[in-house]
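Asks: The file below is input-v6.pdb, PDB, C-alpha atoms, pLDDT in the B column:
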```pdb
ATOM      1  CA  MET N 817       0.000   0.000   0.000  1.00 81.00           C
ATOM      2  CA  LEU N 818       2.903   2.334   0.692  1.00 86.00           C
ATOM      3  CA  ARG N 819       4.559   3.954  -2.306  1.00 86.00           C
ATOM      4  CA  PRO N 820       8.277   3.217  -2.739  1.00 85.00           C
ATOM      5  CA  SER N 821       8.943   6.859  -1.863  1.00 87.00           C
ATOM      6  CA  GLY N 822       6.677   6.668   1.164  1.00 92.00           C
ATOM      7  CA  HIS N 823       7.239   6.356   4.885  1.00 94.00           C
ATOM      8  CA  LEU N 824       5.776   4.405   7.760  1.00 94.00           C
ATOM      9  CA  LEU N 825       5.247   6.373  10.968  1.00 96.00           C
ATOM     10  CA  GLU N 826       4.838   4.246  14.066  1.00 93.00           C
ATOM     11  CA  ILE N 827       3.702   5.635  17.426  1.00 93.00           C
ATOM     12  CA  HIS N 828       3.521   3.697  20.671  1.00 89.00           C
ATOM     13  CA  PRO N 829       4.035   4.250  24.408  1.00 89.00           C
ATOM     14  CA  ALA N 830       7.641   4.285  25.572  1.00 89.00           C
ATOM     15  CA  ARG N 831       8.958   1.831  28.139  1.00 85.00           C
ATOM     16  CA  GLU N 832       8.625   4.417  30.858  1.00 89.00           C
ATOM     17  CA  VAL N 833       5.887   4.460  33.442  1.00 91.00           C
ATOM     18  CA  PRO N 834       3.321   7.214  32.884  1.00 94.00           C
ATOM     19  CA  PHE N 835       2.849   9.601  35.757  1.00 96.00           C
ATOM     20  CA  VAL N 836       0.322  11.998  37.206  1.00 97.00           C
ATOM     21  CA  LEU N 837       0.985  15.612  38.101  1.00 98.00           C
ATOM     22  CA  VAL N 838      -1.056  18.152  40.005  1.00 98.00           C
ATOM     23  CA  ARG N 839      -0.172  21.755  39.324  1.00 97.00           C
ATOM     24  CA  THR N 840      -1.615  24.555  41.435  1.00 96.00           C
ATOM     25  CA  ASP N 841      -0.856  28.208  40.824  1.00 96.00           C
ATOM     26  CA  GLY N 842       1.740  27.162  38.279  1.00 93.00           C
ATOM     27  CA  LYS N 843       3.697  24.880  40.619  1.00 96.00           C
ATOM     28  CA  VAL N 844       3.833  21.089  40.635  1.00 97.00           C
ATOM     29  CA  VAL N 845       2.563  20.010  44.066  1.00 97.00           C
ATOM     30  CA  PHE N 846       2.022  16.309  43.343  1.00 98.00           C
ATOM     31  CA  ALA N 847       3.860  13.851  41.105  1.00 98.00           C
ATOM     32  CA  GLU N 848       3.471  10.087  41.206  1.00 97.00           C
ATOM     33  CA  ALA N 849       3.936   7.234  38.775  1.00 96.00           C
ATOM     34  CA  ASP N 850       0.795   5.504  37.588  1.00 93.00           C
ATOM     35  CA  PRO N 851       0.748   2.238  39.594  1.00 90.00           C
ATOM     36  CA  GLY N 852      -1.892   0.872  37.237  1.00 79.00           C
ATOM     37  CA  PHE N 853       0.418   0.887  34.258  1.00 75.00           C
ATOM     38  CA  ASP N 854       0.403  -2.677  32.998  1.00 70.00           C
ATOM     39  CA  TYR N 855       1.119  -2.477  29.296  1.00 69.00           C
ATOM     40  CA  ASP N 856       4.438  -4.347  29.326  1.00 71.00           C
ATOM     41  CA  ASP N 857       3.073  -7.246  27.311  1.00 73.00           C
ATOM     42  CA  ASP N 858       1.452  -4.929  24.787  1.00 73.00           C
ATOM     43  CA  LEU N 859       4.595  -2.863  24.491  1.00 78.00           C
ATOM     44  CA  GLU N 860       6.646  -5.971  23.880  1.00 80.00           C
ATOM     45  CA  LYS N 861       4.259  -6.973  21.104  1.00 79.00           C
ATOM     46  CA  ALA N 862       4.606  -3.540  19.489  1.00 78.00           C
ATOM     47  CA  GLU N 863       8.381  -3.547  19.736  1.00 81.00           C
ATOM     48  CA  THR N 864       8.574  -7.125  18.483  1.00 85.00           C
ATOM     49  CA  ALA N 865       6.392  -6.232  15.482  1.00 81.00           C
ATOM     50  CA  VAL N 866       8.630  -3.304  14.567  1.00 82.00           C
ATOM     51  CA  ALA N 867      11.788  -5.361  15.100  1.00 84.00           C
ATOM     52  CA  ALA N 868      10.412  -8.162  12.918  1.00 85.00           C
ATOM     53  CA  THR N 869       9.673  -5.675  10.146  1.00 81.00           C
ATOM     54  CA  LEU N 870      13.249  -4.408  10.321  1.00 84.00           C
ATOM     55  CA  ASP N 871      14.740  -7.916  10.568  1.00 83.00           C
ATOM     56  CA  ARG N 872      12.867  -9.043   7.479  1.00 84.00           C
ATOM     57  CA  GLY N 873      14.529  -6.249   5.556  1.00 83.00           C
ATOM     58  CA  LEU N 874      11.266  -4.595   4.562  1.00 85.00           C
ATOM     59  CA  PHE N 875      12.022  -1.249   6.165  1.00 90.00           C
ATOM     60  CA  VAL N 876      14.904   0.667   7.630  1.00 93.00           C
ATOM     61  CA  LEU N 877      14.496   2.750  10.755  1.00 93.00           C
ATOM     62  CA  GLU N 878      15.407   6.313   9.858  1.00 94.00           C
ATOM     63  CA  ARG N 879      14.614   8.335  12.949  1.00 95.00           C
ATOM     64  CA  THR N 880      12.931   8.045  16.321  1.00 95.00           C
ATOM     65  CA  ARG N 881      11.641  10.780  18.589  1.00 96.00           C
ATOM     66  CA  ARG N 882      10.537  10.559  22.181  1.00 96.00           C
ATOM     67  CA  PHE N 883       7.757  12.821  23.360  1.00 96.00           C
ATOM     68  CA  GLU N 884       5.272  13.136  26.209  1.00 96.00           C
ATOM     69  CA  LEU N 885       1.558  13.078  25.541  1.00 95.00           C
ATOM     70  CA  ARG N 886      -0.105  15.117  28.269  1.00 97.00           C
ATOM     71  CA  THR N 887      -3.791  15.002  29.088  1.00 97.00           C
ATOM     72  CA  HIS N 888      -5.052  17.900  31.204  1.00 97.00           C
ATOM     73  CA  ALA N 889      -8.174  17.815  33.383  1.00 97.00           C
ATOM     74  CA  SER N 890      -9.605  19.788  36.266  1.00 95.00           C
ATOM     75  CA  SER N 891     -10.397  16.812  38.480  1.00 96.00           C
ATOM     76  CA  VAL N 892      -9.757  13.103  38.877  1.00 97.00           C
ATOM     77  CA  GLU N 893     -13.364  12.388  37.976  1.00 96.00           C
ATOM     78  CA  GLU N 894     -13.062  14.362  34.744  1.00 97.00           C
ATOM     79  CA  LEU N 895      -9.821  12.615  33.771  1.00 96.00           C
ATOM     80  CA  LEU N 896     -11.133   9.129  34.514  1.00 95.00           C
ATOM     81  CA  ASP N 897     -14.397   9.826  32.679  1.00 94.00           C
ATOM     82  CA  HIS N 898     -12.325  10.838  29.667  1.00 93.00           C
ATOM     83  CA  PHE N 899     -10.227   7.668  29.821  1.00 91.00           C
ATOM     84  CA  ALA N 900     -13.369   5.573  30.267  1.00 89.00           C
ATOM     85  CA  VAL N 901     -14.594   6.856  26.906  1.00 86.00           C
ATOM     86  CA  THR N 902     -11.307   6.565  25.030  1.00 81.00           C
ATOM     87  CA  GLU N 903     -10.465   3.136  26.466  1.00 77.00           C
ATOM     88  CA  ALA N 904     -13.959   1.750  26.024  1.00 72.00           C
ATOM     89  CA  TYR N 905     -13.107   0.817  22.447  1.00 68.00           C
ATOM     90  CA  ASP N 906     -10.508  -1.659  23.568  1.00 67.00           C
ATOM     91  CA  PRO N 907     -11.226  -2.639  27.169  1.00 66.00           C
ATOM     92  CA  GLU N 908      -8.646  -4.588  29.108  1.00 70.00           C
ATOM     93  CA  GLU N 909      -9.124  -6.292  32.436  1.00 73.00           C
ATOM     94  CA  LYS N 910      -7.229  -4.540  35.201  1.00 74.00           C
ATOM     95  CA  ASP N 911      -5.439  -6.382  37.946  1.00 82.00           C
ATOM     96  CA  GLU N 912      -7.352  -5.761  41.191  1.00 87.00           C
ATOM     97  CA  THR N 913      -4.269  -4.987  43.252  1.00 88.00           C
ATOM     98  CA  MET N 914      -2.996  -2.531  40.660  1.00 88.00           C
ATOM     99  CA  GLN N 915      -6.417  -0.944  40.537  1.00 89.00           C
ATOM    100  CA  ARG N 916      -6.396  -0.434  44.321  1.00 92.00           C
ATOM    101  CA  PHE N 917      -2.976   1.231  44.151  1.00 94.00           C
ATOM    102  CA  ARG N 918      -4.195   3.368  41.292  1.00 93.00           C
ATOM    103  CA  ASP N 919      -7.342   4.402  43.177  1.00 94.00           C
ATOM    104  CA  ALA N 920      -5.238   5.366  46.201  1.00 96.00           C
ATOM    105  CA  MET N 921      -2.889   7.397  44.011  1.00 97.00           C
ATOM    106  CA  TYR N 922      -5.802   9.285  42.488  1.00 97.00           C
ATOM    107  CA  GLU N 923      -7.208   9.960  45.968  1.00 97.00           C
ATOM    108  CA  ARG N 924      -3.908  11.595  46.894  1.00 97.00           C
ATOM    109  CA  ALA N 925      -3.959  13.538  43.632  1.00 97.00           C
ATOM    110  CA  GLN N 926      -7.495  14.782  44.316  1.00 96.00           C
ATOM    111  CA  ALA N 927      -6.463  15.812  47.838  1.00 97.00           C
ATOM    112  CA  ALA N 928      -3.668  17.883  46.295  1.00 97.00           C
ATOM    113  CA  LEU N 929      -6.172  19.414  43.868  1.00 96.00           C
ATOM    114  CA  ASP N 930      -8.511  20.291  46.730  1.00 96.00           C
ATOM    115  CA  ARG N 931      -5.976  22.462  48.531  1.00 94.00           C
ATOM    116  CA  PRO N 932      -6.699  26.183  48.335  1.00 94.00           C
ATOM    117  CA  ALA N 933      -5.332  27.650  45.107  1.00 94.00           C
ATOM    118  CA  THR N 934      -6.269  30.120  42.414  1.00 96.00           C
ATOM    119  CA  SER N 935      -5.589  27.735  39.540  1.00 95.00           C
ATOM    120  CA  ARG N 936      -5.268  23.979  39.521  1.00 95.00           C
ATOM    121  CA  GLU N 937      -4.997  21.166  37.007  1.00 96.00           C
ATOM    122  CA  LEU N 938      -4.399  17.446  36.872  1.00 98.00           C
ATOM    123  CA  ILE N 939      -2.062  16.179  34.153  1.00 98.00           C
ATOM    124  CA  TYR N 940      -1.565  12.600  32.996  1.00 97.00           C
ATOM    125  CA  VAL N 941       1.812  12.257  31.303  1.00 97.00           C
ATOM    126  CA  GLU N 942       2.401   9.378  28.916  1.00 94.00           C
ATOM    127  CA  PRO N 943       5.941   9.029  27.511  1.00 94.00           C
ATOM    128  CA  ALA N 944       5.838   7.818  23.916  1.00 94.00           C
ATOM    129  CA  ARG N 945       8.002   7.123  20.904  1.00 93.00           C
ATOM    130  CA  MET N 946       7.440   7.990  17.275  1.00 95.00           C
ATOM    131  CA  SER N 947       9.552   6.358  14.560  1.00 94.00           C
ATOM    132  CA  ARG N 948       9.921   6.890  10.836  1.00 96.00           C
ATOM    133  CA  LEU N 949      10.622   3.797   8.767  1.00 95.00           C
ATOM    134  CA  THR N 950      11.299   3.733   5.055  1.00 92.00           C
ATOM    135  CA  PRO N 951      10.889   0.863   2.590  1.00 89.00           C
ATOM    136  CA  VAL N 952      14.209  -0.787   1.864  1.00 87.00           C
ATOM    137  CA  SER N 953      13.576  -0.615  -1.870  1.00 69.00           C
ATOM    138  CA  ARG N 954      14.573   3.027  -1.838  1.00 49.00           C
ATOM    139  CA  PRO N 955      17.563   3.441   0.466  1.00 49.00           C
ATOM    140  CA  GLY N 956      18.747   7.007   0.187  1.00 50.00           C
ATOM    141  CA  GLY N 957      15.939   7.691  -2.240  1.00 50.00           C
ATOM    142  CA  SER N 958      14.413  11.050  -2.910  1.00 49.00           C
ATOM    143  CA  GLY N 959      11.130  10.469  -1.177  1.00 54.00           C
ATOM    144  CA  ARG N 960       9.223  12.800   1.064  1.00 62.00           C
ATOM    145  CA  GLY N 961      10.549  14.183   4.282  1.00 59.00           C
TER     146      GLY N 961
ATOM    147  CA  MET Z 717     -12.424  22.899  32.075  1.00 72.00           C
ATOM    148  CA  ALA Z 718     -12.849  20.312  29.361  1.00 89.00           C
ATOM    149  CA  VAL Z 719     -10.216  17.626  29.116  1.00 94.00           C
ATOM    150  CA  ARG Z 720      -7.441  18.677  26.750  1.00 95.00           C
ATOM    151  CA  THR Z 721      -5.025  16.214  25.199  1.00 94.00           C
ATOM    152  CA  ASP Z 722      -1.609  17.476  24.197  1.00 95.00           C
ATOM    153  CA  PRO Z 723      -2.319  21.214  24.369  1.00 95.00           C
ATOM    154  CA  GLU Z 724       1.473  21.603  24.352  1.00 95.00           C
ATOM    155  CA  GLY Z 725       1.498  20.106  20.852  1.00 95.00           C
ATOM    156  CA  THR Z 726       4.447  17.784  21.498  1.00 96.00           C
ATOM    157  CA  GLU Z 727       2.897  14.963  19.498  1.00 95.00           C
ATOM    158  CA  LYS Z 728       2.246  17.300  16.579  1.00 94.00           C
ATOM    159  CA  VAL Z 729       5.771  18.720  16.719  1.00 96.00           C
ATOM    160  CA  SER Z 730       7.212  15.202  16.631  1.00 96.00           C
ATOM    161  CA  LEU Z 731       4.923  14.234  13.775  1.00 96.00           C
ATOM    162  CA  PHE Z 732       5.886  17.233  11.648  1.00 97.00           C
ATOM    163  CA  ASP Z 733       9.533  16.708  12.455  1.00 96.00           C
ATOM    164  CA  LEU Z 734       9.355  13.224  10.972  1.00 97.00           C
ATOM    165  CA  ALA Z 735       6.967  13.870   8.084  1.00 96.00           C
ATOM    166  CA  ASP Z 736       6.001  16.410   5.460  1.00 96.00           C
ATOM    167  CA  PHE Z 737       2.317  15.875   4.783  1.00 97.00           C
ATOM    168  CA  THR Z 738       2.029  18.560   2.128  1.00 96.00           C
ATOM    169  CA  ASP Z 739      -0.272  17.192  -0.588  1.00 95.00           C
ATOM    170  CA  ALA Z 740       0.358  13.661   0.674  1.00 97.00           C
ATOM    171  CA  GLU Z 741      -1.939  10.662   0.532  1.00 97.00           C
ATOM    172  CA  VAL Z 742      -2.069   9.375   4.096  1.00 97.00           C
ATOM    173  CA  LEU Z 743      -3.374   6.182   5.648  1.00 97.00           C
ATOM    174  CA  GLU Z 744      -3.871   6.283   9.423  1.00 96.00           C
ATOM    175  CA  ILE Z 745      -4.335   2.864  11.011  1.00 94.00           C
ATOM    176  CA  GLY Z 746      -6.014   2.875  14.415  1.00 93.00           C
ATOM    177  CA  CYS Z 747      -7.244   6.441  14.173  1.00 94.00           C
ATOM    178  CA  GLY Z 748      -9.592   6.067  17.151  1.00 91.00           C
ATOM    179  CA  ASP Z 749     -11.709   9.171  17.600  1.00 90.00           C
ATOM    180  CA  GLY Z 750      -9.580  11.198  15.184  1.00 93.00           C
ATOM    181  CA  ARG Z 751      -7.594  13.020  17.856  1.00 91.00           C
ATOM    182  CA  LEU Z 752      -4.334  12.738  15.902  1.00 94.00           C
ATOM    183  CA  THR Z 753      -5.986  13.004  12.479  1.00 95.00           C
ATOM    184  CA  TRP Z 754      -7.043  16.605  13.066  1.00 92.00           C
ATOM    185  CA  ARG Z 755      -3.437  17.537  13.764  1.00 93.00           C
ATOM    186  CA  TYR Z 756      -2.143  16.961  10.252  1.00 96.00           C
ATOM    187  CA  ALA Z 757      -5.113  16.439   7.925  1.00 96.00           C
ATOM    188  CA  ASP Z 758      -5.283  20.055   6.753  1.00 95.00           C
ATOM    189  CA  LYS Z 759      -1.824  19.633   5.195  1.00 96.00           C
ATOM    190  CA  ALA Z 760      -2.594  16.412   3.342  1.00 97.00           C
ATOM    191  CA  ALA Z 761      -4.230  15.892  -0.048  1.00 97.00           C
ATOM    192  CA  ARG Z 762      -6.299  13.026   1.301  1.00 97.00           C
ATOM    193  CA  VAL Z 763      -6.477  11.065   4.544  1.00 97.00           C
ATOM    194  CA  THR Z 764      -7.958   7.609   4.893  1.00 97.00           C
ATOM    195  CA  ALA Z 765      -8.364   6.892   8.590  1.00 96.00           C
ATOM    196  CA  ILE Z 766      -9.380   3.403   9.648  1.00 96.00           C
ATOM    197  CA  ASP Z 767     -10.185   1.709  12.935  1.00 94.00           C
ATOM    198  CA  ALA Z 768     -11.626  -1.653  13.852  1.00 92.00           C
ATOM    199  CA  PHE Z 769     -13.765  -0.116  16.605  1.00 91.00           C
ATOM    200  CA  GLU Z 770     -17.094   1.096  15.274  1.00 92.00           C
ATOM    201  CA  GLU Z 771     -17.819   3.481  18.150  1.00 90.00           C
ATOM    202  CA  ALA Z 772     -14.470   5.172  17.716  1.00 91.00           C
ATOM    203  CA  ILE Z 773     -15.118   5.787  14.032  1.00 94.00           C
ATOM    204  CA  ALA Z 774     -18.627   7.074  14.775  1.00 94.00           C
ATOM    205  CA  ARG Z 775     -17.161   9.512  17.284  1.00 92.00           C
ATOM    206  CA  ALA Z 776     -14.501  10.623  14.804  1.00 94.00           C
ATOM    207  CA  GLU Z 777     -17.098  11.256  12.116  1.00 94.00           C
ATOM    208  CA  ARG Z 778     -19.241  13.268  14.523  1.00 94.00           C
ATOM    209  CA  SER Z 779     -16.351  15.539  15.401  1.00 91.00           C
ATOM    210  CA  LEU Z 780     -14.941  15.895  11.879  1.00 91.00           C
ATOM    211  CA  PRO Z 781     -14.451  19.622  11.250  1.00 90.00           C
ATOM    212  CA  ASP Z 782     -16.371  20.935   8.228  1.00 91.00           C
ATOM    213  CA  GLY Z 783     -13.169  22.162   6.663  1.00 92.00           C
ATOM    214  CA  LEU Z 784     -11.806  18.622   6.494  1.00 93.00           C
ATOM    215  CA  ARG Z 785     -14.820  16.826   5.041  1.00 92.00           C
ATOM    216  CA  GLU Z 786     -13.344  16.835   1.544  1.00 94.00           C
ATOM    217  CA  THR Z 787      -9.993  15.562   2.774  1.00 96.00           C
ATOM    218  CA  VAL Z 788     -10.673  12.950   5.449  1.00 97.00           C
ATOM    219  CA  ARG Z 789     -12.502   9.682   4.979  1.00 96.00           C
ATOM    220  CA  PHE Z 790     -13.097   7.448   7.993  1.00 96.00           C
ATOM    221  CA  GLN Z 791     -13.717   3.741   7.640  1.00 95.00           C
ATOM    222  CA  HIS Z 792     -14.779   1.195  10.202  1.00 95.00           C
ATOM    223  CA  ILE Z 793     -12.713  -1.725   8.976  1.00 94.00           C
ATOM    224  CA  ALA Z 794     -10.003  -4.070  10.205  1.00 92.00           C
ATOM    225  CA  PHE Z 795      -6.584  -3.455   8.709  1.00 90.00           C
ATOM    226  CA  GLU Z 796      -6.345  -6.897   7.128  1.00 90.00           C
ATOM    227  CA  GLU Z 797      -9.597  -6.381   5.246  1.00 93.00           C
ATOM    228  CA  PHE Z 798      -8.626  -2.869   4.200  1.00 93.00           C
ATOM    229  CA  ALA Z 799      -5.261  -4.084   2.923  1.00 90.00           C
ATOM    230  CA  ALA Z 800      -6.887  -6.801   0.849  1.00 91.00           C
ATOM    231  CA  ARG Z 801      -9.058  -4.204  -0.894  1.00 90.00           C
ATOM    232  CA  THR Z 802      -6.390  -1.569  -1.447  1.00 87.00           C
ATOM    233  CA  ASP Z 803      -3.978  -1.120  -4.345  1.00 83.00           C
ATOM    234  CA  ALA Z 804      -0.249  -1.195  -3.853  1.00 79.00           C
ATOM    235  CA  ASP Z 805       1.514   2.165  -3.974  1.00 84.00           C
ATOM    236  CA  ALA Z 806      -1.550   4.052  -2.742  1.00 89.00           C
ATOM    237  CA  PHE Z 807      -0.086   6.092   0.098  1.00 95.00           C
ATOM    238  CA  ASP Z 808       2.804   8.442   0.784  1.00 96.00           C
ATOM    239  CA  TYR Z 809       2.524   7.896   4.522  1.00 97.00           C
ATOM    240  CA  THR Z 810       1.092   5.156   6.650  1.00 95.00           C
ATOM    241  CA  ILE Z 811       0.658   6.040  10.322  1.00 96.00           C
ATOM    242  CA  LEU Z 812       0.385   3.293  12.902  1.00 93.00           C
ATOM    243  CA  SER Z 813      -1.320   5.448  15.470  1.00 85.00           C
ATOM    244  CA  TRP Z 814      -0.837   3.791  18.875  1.00 77.00           C
ATOM    245  CA  SER Z 815      -2.214   0.706  17.184  1.00 71.00           C
ATOM    246  CA  LEU Z 816       0.500  -1.934  17.598  1.00 63.00           C
ATOM    247  CA  CYS Z 817      -0.294  -2.300  21.290  1.00 60.00           C
TER     248      CYS Z 817
END
```
Using the file provided, produce a representation of the structure as structure tokens.

Replies:
Amino acid sequence: MLRPSGHLLEIHPAREVPFVLVRTDGKVVFAEADPGFDYDDDLEKAETAVAATLDRGLFVLERTRRFELRTHASSVEELLDHFAVTEAYDPEEKDETMQRFRDAMYERAQAALDRPATSRELIYVEPARMSRLTPVSRPGGSGRG
Amino acid sequence: MAVRTDPEGTEKVSLFDLADFTDAEVLEIGCGDGRLTWRYADKAARVTAIDAFEEAIARAERSLPDGLRETVRFQHIAFEEFAARTDADAFDYTILSWSLC
């Protein structure tokens, strides 16, 4: 499907645990890793798929960038409602123990949000990687980018 | 405050650092609700955005900006089926949008 001059862009979470921040009046007053992060198996599948593509000589990896995808909300309820919608398409069973740790973390985050302040926001930070791969049929070609 | 995803634009900056979508034919696999699609579609000649989850595609179509209706086409379809129906050499870019995991 990809033209010989084309590129494949692949985006997936990095192997770093996402974390939650609370910022009030411009200062970070709460920062904790997401204890409910349990995507190791999925990440391995993604990385294995990319590695297999490279090993088979179909593509070469040209460049990779790391970035952080940040989701901002005004409360824990608002953030979790948002994730409930976006994750509803592909639901995964959560480990009960992890879920308890996650609930406790969000309680602490909400407590930080509830302290007196003029401005406040909750931020979920998800480290991610974006890679550009190019078909091997055109090494050094004059394609886009 | 409504939930905002990537108001800093770091995902978009990374995307434009790795790709030039000007007049490009783009396939986005796993487009979800179109969150990433809106970031680059105005640069592209045409975007075909697919997802296997029907509700995600319905949500993407509902929030498709009027200015992109001529450019973006959403399809509820699994990748394997889409690939079987699609010609070789159809796209300048294929984006695997958080879809390998």

Asks: Counting all atoms listed in the file, figure out which residue out of N:Phe846, N:Phe875, N:Phe883, N:Phe835 gets nearest to Ala927 of chain N.

Replies: N:Phe846

Asks: Taking the file above as input, evaluate the ChimeraX specification (/Z :<6) & /N and report the hits as a list in words.

Replies: Met817, Leu818, Arg819, Gly822, His823, Leu824, Leu825, Glu826, Ile827, His828, Asp858, Leu859, Ala862, Leu885, Arg886, Thr887, His888, Ala889, Ser890, Tyr905 and Gly961 of chain N

Asks: Figure out the distance between atom CA of Thr950 of chain N and atom CA of Val866 of chain N, please, to one decimal in Å.

Replies: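 Distance between the two atoms: 12.1 Å.
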
Asks: Could you give me the centre and size, in Å to one decimal, of an axis-aligned box around all listed atoms of segment 782-799 of chain Z with 4 Å added on every side, as JSON?

Replies:
```
{"center_x": -10.8, "center_y": 7.6, "center_z": 5.9, "size_x": 19.1, "size_y": 37.1, "size_z": 16.7}
```

Asks: I would like the residues chosen by the PyMOL selection byres ((chain Z and resi 761) around 7) on the shown file; could you give them as a PDB file with C-alpha atoms, in the frame of the given file?

Replies:
```
ATOM      1  CA  ASP Z 739      -0.272  17.192  -0.588  1.00 95.00           C
ATOM      2  CA  ALA Z 740       0.358  13.661   0.674  1.00 97.00           C
ATOM      3  CA  GLU Z 741      -1.939  10.662   0.532  1.00 97.00           C
ATOM      4  CA  LYS Z 759      -1.824  19.633   5.195  1.00 96.00           C
ATOM      5  CA  ALA Z 760      -2.594  16.412   3.342  1.00 97.00           C
ATOM      6  CA  ARG Z 762      -6.299  13.026   1.301  1.00 97.00           C
ATOM      7  CA  THR Z 787      -9.993  15.562   2.774  1.00 96.00           C
TER       8      THR Z 787
END
```

Asks: Quick check on the file I pasted: which residues fall under the PyMOL selection byres ((chain N and resi 896) around 12)? Write them as a list in words.

Replies: Thr887, His888, Ala889, Ser890, Ser891, Val892, Glu893, Glu894, Leu895, Asp897, His898, Phe899, Ala900, Val901, Thr902, Glu903, Ala904, Arg918, Asp919, Tyr922, Gln926, Leu938, Ile939 and Tyr940 of chain N; Val719 of chain Z

Asks: Please, what distance in Å, to one decimal, runs between atom CA of Glu848 of chain N and atom CA of Met921 of chain N?

Replies: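 Spanning atom CA of Glu848 of chain N to atom CA of Met921 of chain N is a straight-line distance of 7.5 Å.
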
Asks: In Å, with one decimal, what is the gap from atom CA of Ala774 of chain Z to atom CA of Val788 of chain Z?

Replies: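 Between atom CA of Ala774 of chain Z and atom CA of Val788 of chain Z the gap works out to 13.6 Å.
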
Asks: From the options N:Glu942, N:Asp854, N:Glu863, N:Glu832, which residue's atoms come nearest to Glu884 of chain N, counting all atoms listed in the file?

Replies: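 Distance minimum relative to Glu884 of chain N lands on N:Glu942.
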
Asks: Some atoms are absent from segment 821-826 of chain N, so rebuild all heavy atoms and return them as an mmCIF file, keeping the file's coordinate frame.

Replies:
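To be explicit, this is the file written out as part-v1.cif:
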```cif
data_model
loop_
_atom_site.group_PDB
_atom_site.id
_atom_site.type_symbol
_atom_site.label_atom_id
_atom_site.label_comp_id
_atom_site.auth_asym_id
_atom_site.auth_seq_id
_atom_site.Cartn_x
_atom_site.Cartn_y
_atom_site.Cartn_z
ATOM 1 N N SER N 821 8.379 5.622 -2.428
ATOM 2 C CA SER N 821 8.943 6.859 -1.863
ATOM 3 C C SER N 821 8.293 7.223 -0.531
ATOM 4 O O SER N 821 8.553 8.301 0.006
ATOM 5 C CB SER N 821 8.730 8.010 -2.848
ATOM 6 O OG SER N 821 7.343 8.197 -3.071
ATOM 7 N N GLY N 822 7.452 6.337 -0.027
ATOM 8 C CA GLY N 822 6.677 6.668 1.164
ATOM 9 C C GLY N 822 7.389 6.340 2.470
ATOM 10 O O GLY N 822 8.533 5.861 2.488
ATOM 11 N N HIS N 823 6.689 6.614 3.547
ATOM 12 C CA HIS N 823 7.239 6.356 4.885
ATOM 13 C C HIS N 823 6.161 5.750 5.783
ATOM 14 O O HIS N 823 4.975 6.064 5.632
ATOM 15 C CB HIS N 823 7.727 7.639 5.545
ATOM 16 C CG HIS N 823 8.829 8.325 4.813
ATOM 17 N ND1 HIS N 823 10.124 7.865 4.809
ATOM 18 C CD2 HIS N 823 8.815 9.424 4.032
ATOM 19 C CE1 HIS N 823 10.865 8.668 4.083
ATOM 20 N NE2 HIS N 823 10.106 9.623 3.594
ATOM 21 N N LEU N 824 6.630 4.947 6.712
ATOM 22 C CA LEU N 824 5.776 4.405 7.760
ATOM 23 C C LEU N 824 6.098 5.148 9.052
ATOM 24 O O LEU N 824 7.268 5.241 9.433
ATOM 25 C CB LEU N 824 6.052 2.900 7.919
ATOM 26 C CG LEU N 824 5.311 2.150 9.011
ATOM 27 C CD1 LEU N 824 3.806 2.137 8.757
ATOM 28 C CD2 LEU N 824 5.830 0.715 9.107
ATOM 29 N N LEU N 825 5.070 5.695 9.678
ATOM 30 C CA LEU N 825 5.247 6.373 10.968
ATOM 31 C C LEU N 825 4.592 5.513 12.034
ATOM 32 O O LEU N 825 3.406 5.187 11.922
ATOM 33 C CB LEU N 825 4.604 7.761 10.945
ATOM 34 C CG LEU N 825 5.121 8.717 9.875
ATOM 35 C CD1 LEU N 825 4.244 9.962 9.815
ATOM 36 C CD2 LEU N 825 6.564 9.103 10.146
ATOM 37 N N GLU N 826 5.372 5.144 13.033
ATOM 38 C CA GLU N 826 4.838 4.246 14.066
ATOM 39 C C GLU N 826 4.910 4.948 15.423
ATOM 40 O O GLU N 826 5.965 5.456 15.801
ATOM 41 C CB GLU N 826 5.640 2.936 14.064
ATOM 42 C CG GLU N 826 4.949 1.795 14.807
ATOM 43 C CD GLU N 826 5.173 1.809 16.289
ATOM 44 O OE1 GLU N 826 6.317 2.090 16.711
ATOM 45 O OE2 GLU N 826 4.211 1.553 17.031
#
```
